[in-house]
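Worksheet: one structure, shown below.
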2 protein chains.
Amino acid sequence: MSAAPVGTREISRHAVRAELARVAFNRFCLTGFNQVTFADLSEAAGVSRSTFLRYFGTKEDVVLFVFDPVGDVFTDALDAERANQDDWSRLRNALESAVRFLVRDVQELVTILGLIEQTPALCARLREKQTEWRPEIVARLQKTTPSTDGSSVIANVRVAAALEILWIVLGQWSASDGQEDLGKLLDAAFAAFSTPARQQTDAPL
Amino acid sequence: MSAAPVGTREISRHAVRAELARVAFNRFCLTGFNQVTFADLSEAAGVSRSTFLRYFGTKEDVVLFVFDPVGDVFTDALDAERANQDDWSRLRNALESAVRFLVRDVQELVTILGLIEQTPALCARLREKQTEWRPEIVARLQKTTPSTDGSSVIANVRVAAALEILWIVLGQWSASDGQEDLGKLLDAAFAAFSTPARQQTDAPL
DNA sequence: TCCTAACCTGATACTCAGTGTCAGTTGCGA
DNA sequence: TCGCAACTGACACTGAGTATCAGGTTAGGA
């Protein structure tokens with residue numbers, strides 16, 4: 001996982017970052033992501049534009065940096081799974097760990113997801129992160145299974161599908177204002193692969 | 001599908017667009033996407049920067065506009081499928097239509113995919129298009145099946161998974177320089193959902 | 001306690017993407 | 001032939017992101 005902050009410098013940096021993000025987040029929700037400029041943000045936060053930009057490389061990162069650890073959380077959780085389970089179960093459980101990591105403050109996460117949903121630039125950047133996570137996850141998933149020809153494609157598809165489920169489930173969950181049970185939503189989503197893909201699809205929940 | 005160009009204006013616009021994209025594409029491949037500016041492109045194409053920007057809203061679109069019809073191709077193909085097939089078969093076949101639409105000039109497509117792969121901005125924008133296609137595809141897939149509670153999530157997951165397969169298969173295909181059979185690659189990818197998700201995964205090709 | 005090297009900050013200047021406007025031109029239909 | 005609509009280049013502008021610099025602050029070792 002990411003190295004815990006050791007020096008006081010690191011602690012300070014982390015805290016400032018959090019505070020800047022907090023201030024910025026309010027502005028984004030109030031005015032809309034695209035309407036807010038770095039000049040606005042730095043003024044609201046009481047630092048110079050230069051300084052603000054030193055903490056966040058891009059405007060998207062101001063919102064999305066909270067998702068950065070998800071890749072590691074996911075791979076770690078995948079490793080912790082018993083290797084004798086099938087791929088889907090392992091992915092489902094690892095996904096639950098990732099979701100649990102994200103849901104600390106329900107209201108906050110719902111708000112962030114809402115902001116992301118209505119801002120194409122944020123969606124795009126988030127998908128980019130998702131794509132960065134995939135190779136490592138695929139490697140971990142395959143570690144137990146001696147890779148045969150073509151199994152790499154299969155592993156890639158399964159991981160990609162699992163990551164898609166992450167956003168679909170979170171979207172559904174935030175649409176219910178954080179009311180629905182995330183575990184059940186995950187089960188319902190993974191049913192897409194176990195239910196006979198014909199007519200019906202009786203909701204299993 | 002998109003309206004065929006009728007007036008001479010429309011024909012002209014379409015042709016100019018294609019020519020500008022052609023010139024620009026060479027530059028991108030030569031120097032790298034990020035290193036080329038609109039000033040470079042317009043100079044190379046012999047038009048003003050203003051004019052170039054009028055044909056393509058963003059630099060990404062200069063490369064990716066060829067993917068714009070894919071969403072419609074996919075949904076149309078999905079409608080054409082016999083409704084009594086299962087979801088996976090319908091999606092697989094619709095995907096094959098989309099792929100066939102894209103593969104007109106093998107060498108050109110391989111080059112484009114290579115450029116996209118090594119340019120994060122292009123990947124991100126492409127994923128954005130993909131996300132735009134999804135709702136309509138989900139609607140078409142569900143049209144035949146009376147939607148029960150929770151089946152919407154399942155349909156969303158299946159479509160999302162299918163679209164992921166599109167890029168995974170195209171990536172694999174372009175890595176083989178366009179040699180591998182796309183139909184077989186699609187079968188291999190969809191095997192991720194039919195093969196028991198345990199050990200082995202003997203490659204079915 | 002002091003010194004120094006590393007770090008943080010704000011200021012400034014720069015490149016480039018993307019938007020908007022305007023005046024002149026050209027093609028097309030009436 | 002007239003007039004409208006679209007196309008064009010020129011120009012100005014906003015804002016993201018990069019780079020540099022000088023002055024101030026702090027951590028940590030002597």
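Residue numbers start at 1 in each chain; chains themselves are named A, B, ... in the order of the structure tokens; ligands are numbered from 1 in the order shown.
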
Sorted by chain and rising residue number, which residues of chain B lie within 9 Å of chain D, and what are their closest atom pairs and distances in Å to one decimal, counting only C-alpha atoms (C1' of nucleotides), as CSV?
residue,atom,partner,partner_atom,distance
B:Arg9,CA,D:DA6,C1',8.4
B:Val47,CA,D:DG9,C1',8.6
B:Ser48,CA,D:DG9,C1',6.2
B:Arg49,CA,D:DG9,C1',8.5
B:Ser50,CA,D:DG9,C1',7.2
B:Thr51,CA,D:DT8,C1',6.9

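Excluding stretch 169-181 of chain B itself and any same-chain residue fewer than 5 positions from it, the protein and nucleic acid residues within 7 Å of it, counting only C-alpha atoms (C1' of nucleotides), are B:Val106, B:Val110, B:Leu113, B:Leu186.
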
For this session: Return the neighbours of chain B among the residues of chain C, cut-off 9 Å, counting only C-alpha atoms (C1' of nucleotides), as JSON, numbers by chain.
Result: {"C": [16, 17, 18, 27]}

For this session: Find the spatial neighbours of stretch 88-97 of chain A, counting only C-alpha atoms (C1' of nucleotides), within a cut-off of 9 Å - ignore same-chain residues fewer than 5 positions away - and output them as number ranges by chain.
Result: A: 73-83, 102, 141, 158-159, 162-163, 165-166, 182-183, 186-187, 190, 193; B: 197-198

For this session: Within 12 Å of B:Pro196, counting only C-alpha atoms (C1' of nucleotides), which residues show up once you throw out same-chain ones fewer than 5 positions away? Write them as a ChimeraX atom specification, please.
Result: /A:85-89,154,193-194 /B:191,201-202

For this session: Between atom CA of A:Ala24 and atom CA of A:Ile11, measure the distance and give it in Å to one decimal.
Result: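 Straight-line distance from atom CA of A:Ala24 to atom CA of A:Ile11 works out to 20.0 Å.
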
Exercise. Atom CA of A:Phe33 to atom CA of A:Ala15: how many Å, to one decimal?
Worked result: 22.7 Å

Exercise. B:Glu60, B:Glu19, B:Glu164, B:Glu117: which is nearest chain A, counting only C-alpha atoms?
Worked result: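 Ranked by minimum distance to chain A, first place goes to B:Glu164.
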
Exercise. Given the choices B:Pro69, B:Gly46, B:Pro120, B:Gly32, which gets closest to B:Trp133 if the distance is worked out from only C-alpha atoms?
Worked result: B:Pro69

Problem set entry | Å distance separating atom CA of B:Arg104 from atom CA of A:Ala124, one decimal place |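 Between atom CA of B:Arg104 and atom CA of A:Ala124 the gap is 27.8 Å.
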
For this session: Pick out each residue of stretch 7-64 of chain B that DSSP on the backbone tags as helix (DSSP H, G or I); I need them as an MDAnalysis selection string.
Result: chainID B and resid 8:31 38:45 49:55 59:64

Those residues you just picked out, can you put them in a file as a compact mmCIF listing (two decimals), in the first residue's frame with C-alpha atoms?
# COMPACT_ATOMS: atom_id res chain seq x y z
CA THR B 8 -22.58 19.74 -51.99
CA ARG B 9 -21.73 21.66 -48.83
CA GLU B 10 -22.01 18.49 -46.85
CA ILE B 11 -19.93 16.54 -49.32
CA SER B 12 -17.25 19.18 -49.31
CA ARG B 13 -17.15 19.38 -45.55
CA HIS B 14 -16.82 15.63 -45.27
CA ALA B 15 -13.99 15.50 -47.79
CA VAL B 16 -12.05 18.37 -46.23
CA ARG B 17 -12.42 16.77 -42.85
CA ALA B 18 -11.00 13.52 -44.13
CA GLU B 19 -8.06 15.25 -45.79
CA LEU B 20 -7.21 17.30 -42.71
CA ALA B 21 -7.36 14.17 -40.57
CA ARG B 22 -5.08 12.37 -43.01
CA VAL B 23 -2.42 15.07 -42.90
CA ALA B 24 -2.70 15.39 -39.14
CA PHE B 25 -2.46 11.66 -38.60
CA ASN B 26 0.91 11.51 -40.31
CA ARG B 27 2.21 14.24 -38.05
CA PHE B 28 0.93 12.50 -34.95
CA CYS B 29 2.61 9.24 -35.89
CA LEU B 30 5.83 11.01 -36.78
CA THR B 31 6.22 13.30 -33.78
CA PHE B 38 -2.85 22.98 -33.85
CA ALA B 39 -0.47 25.53 -35.33
CA ASP B 40 1.66 22.70 -36.72
CA LEU B 41 -1.36 20.87 -38.07
CA SER B 42 -2.92 23.88 -39.77
CA GLU B 43 0.38 24.84 -41.34
CA ALA B 44 0.93 21.31 -42.62
CA ALA B 45 -2.60 21.20 -44.02
CA ARG B 49 -5.65 27.51 -37.28
CA SER B 50 -9.21 28.84 -37.03
CA THR B 51 -10.38 26.72 -39.91
CA PHE B 52 -8.74 23.58 -38.61
CA LEU B 53 -10.40 24.06 -35.24
CA ARG B 54 -13.74 24.51 -36.97
CA TYR B 55 -13.50 20.98 -38.39
CA LYS B 59 -7.20 17.45 -30.89
CA GLU B 60 -8.49 14.08 -29.76
CA ASP B 61 -11.34 14.24 -32.25
CA VAL B 62 -8.87 14.55 -35.11
CA VAL B 63 -7.92 10.95 -34.42
CA LEU B 64 -11.05 9.50 -32.86

Exercise. Given the choices B:Cys123, B:Val99, B:Thr131, B:Val66, which gets closest to B:Ala161 if the distance is worked out from only C-alpha atoms?
Worked result: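 Of B:Cys123, B:Val99, B:Thr131, B:Val66, the one nearest B:Ala161, counting only C-alpha atoms, is B:Thr131.
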
Exercise. Of the candidates A:Asp68, A:Arg127, A:Lys184, A:Arg140, which shows the shortest atom-to-atom distance to chain B, using only C-alpha atoms?
Worked result: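 Smallest distance to chain B is found for A:Arg127.
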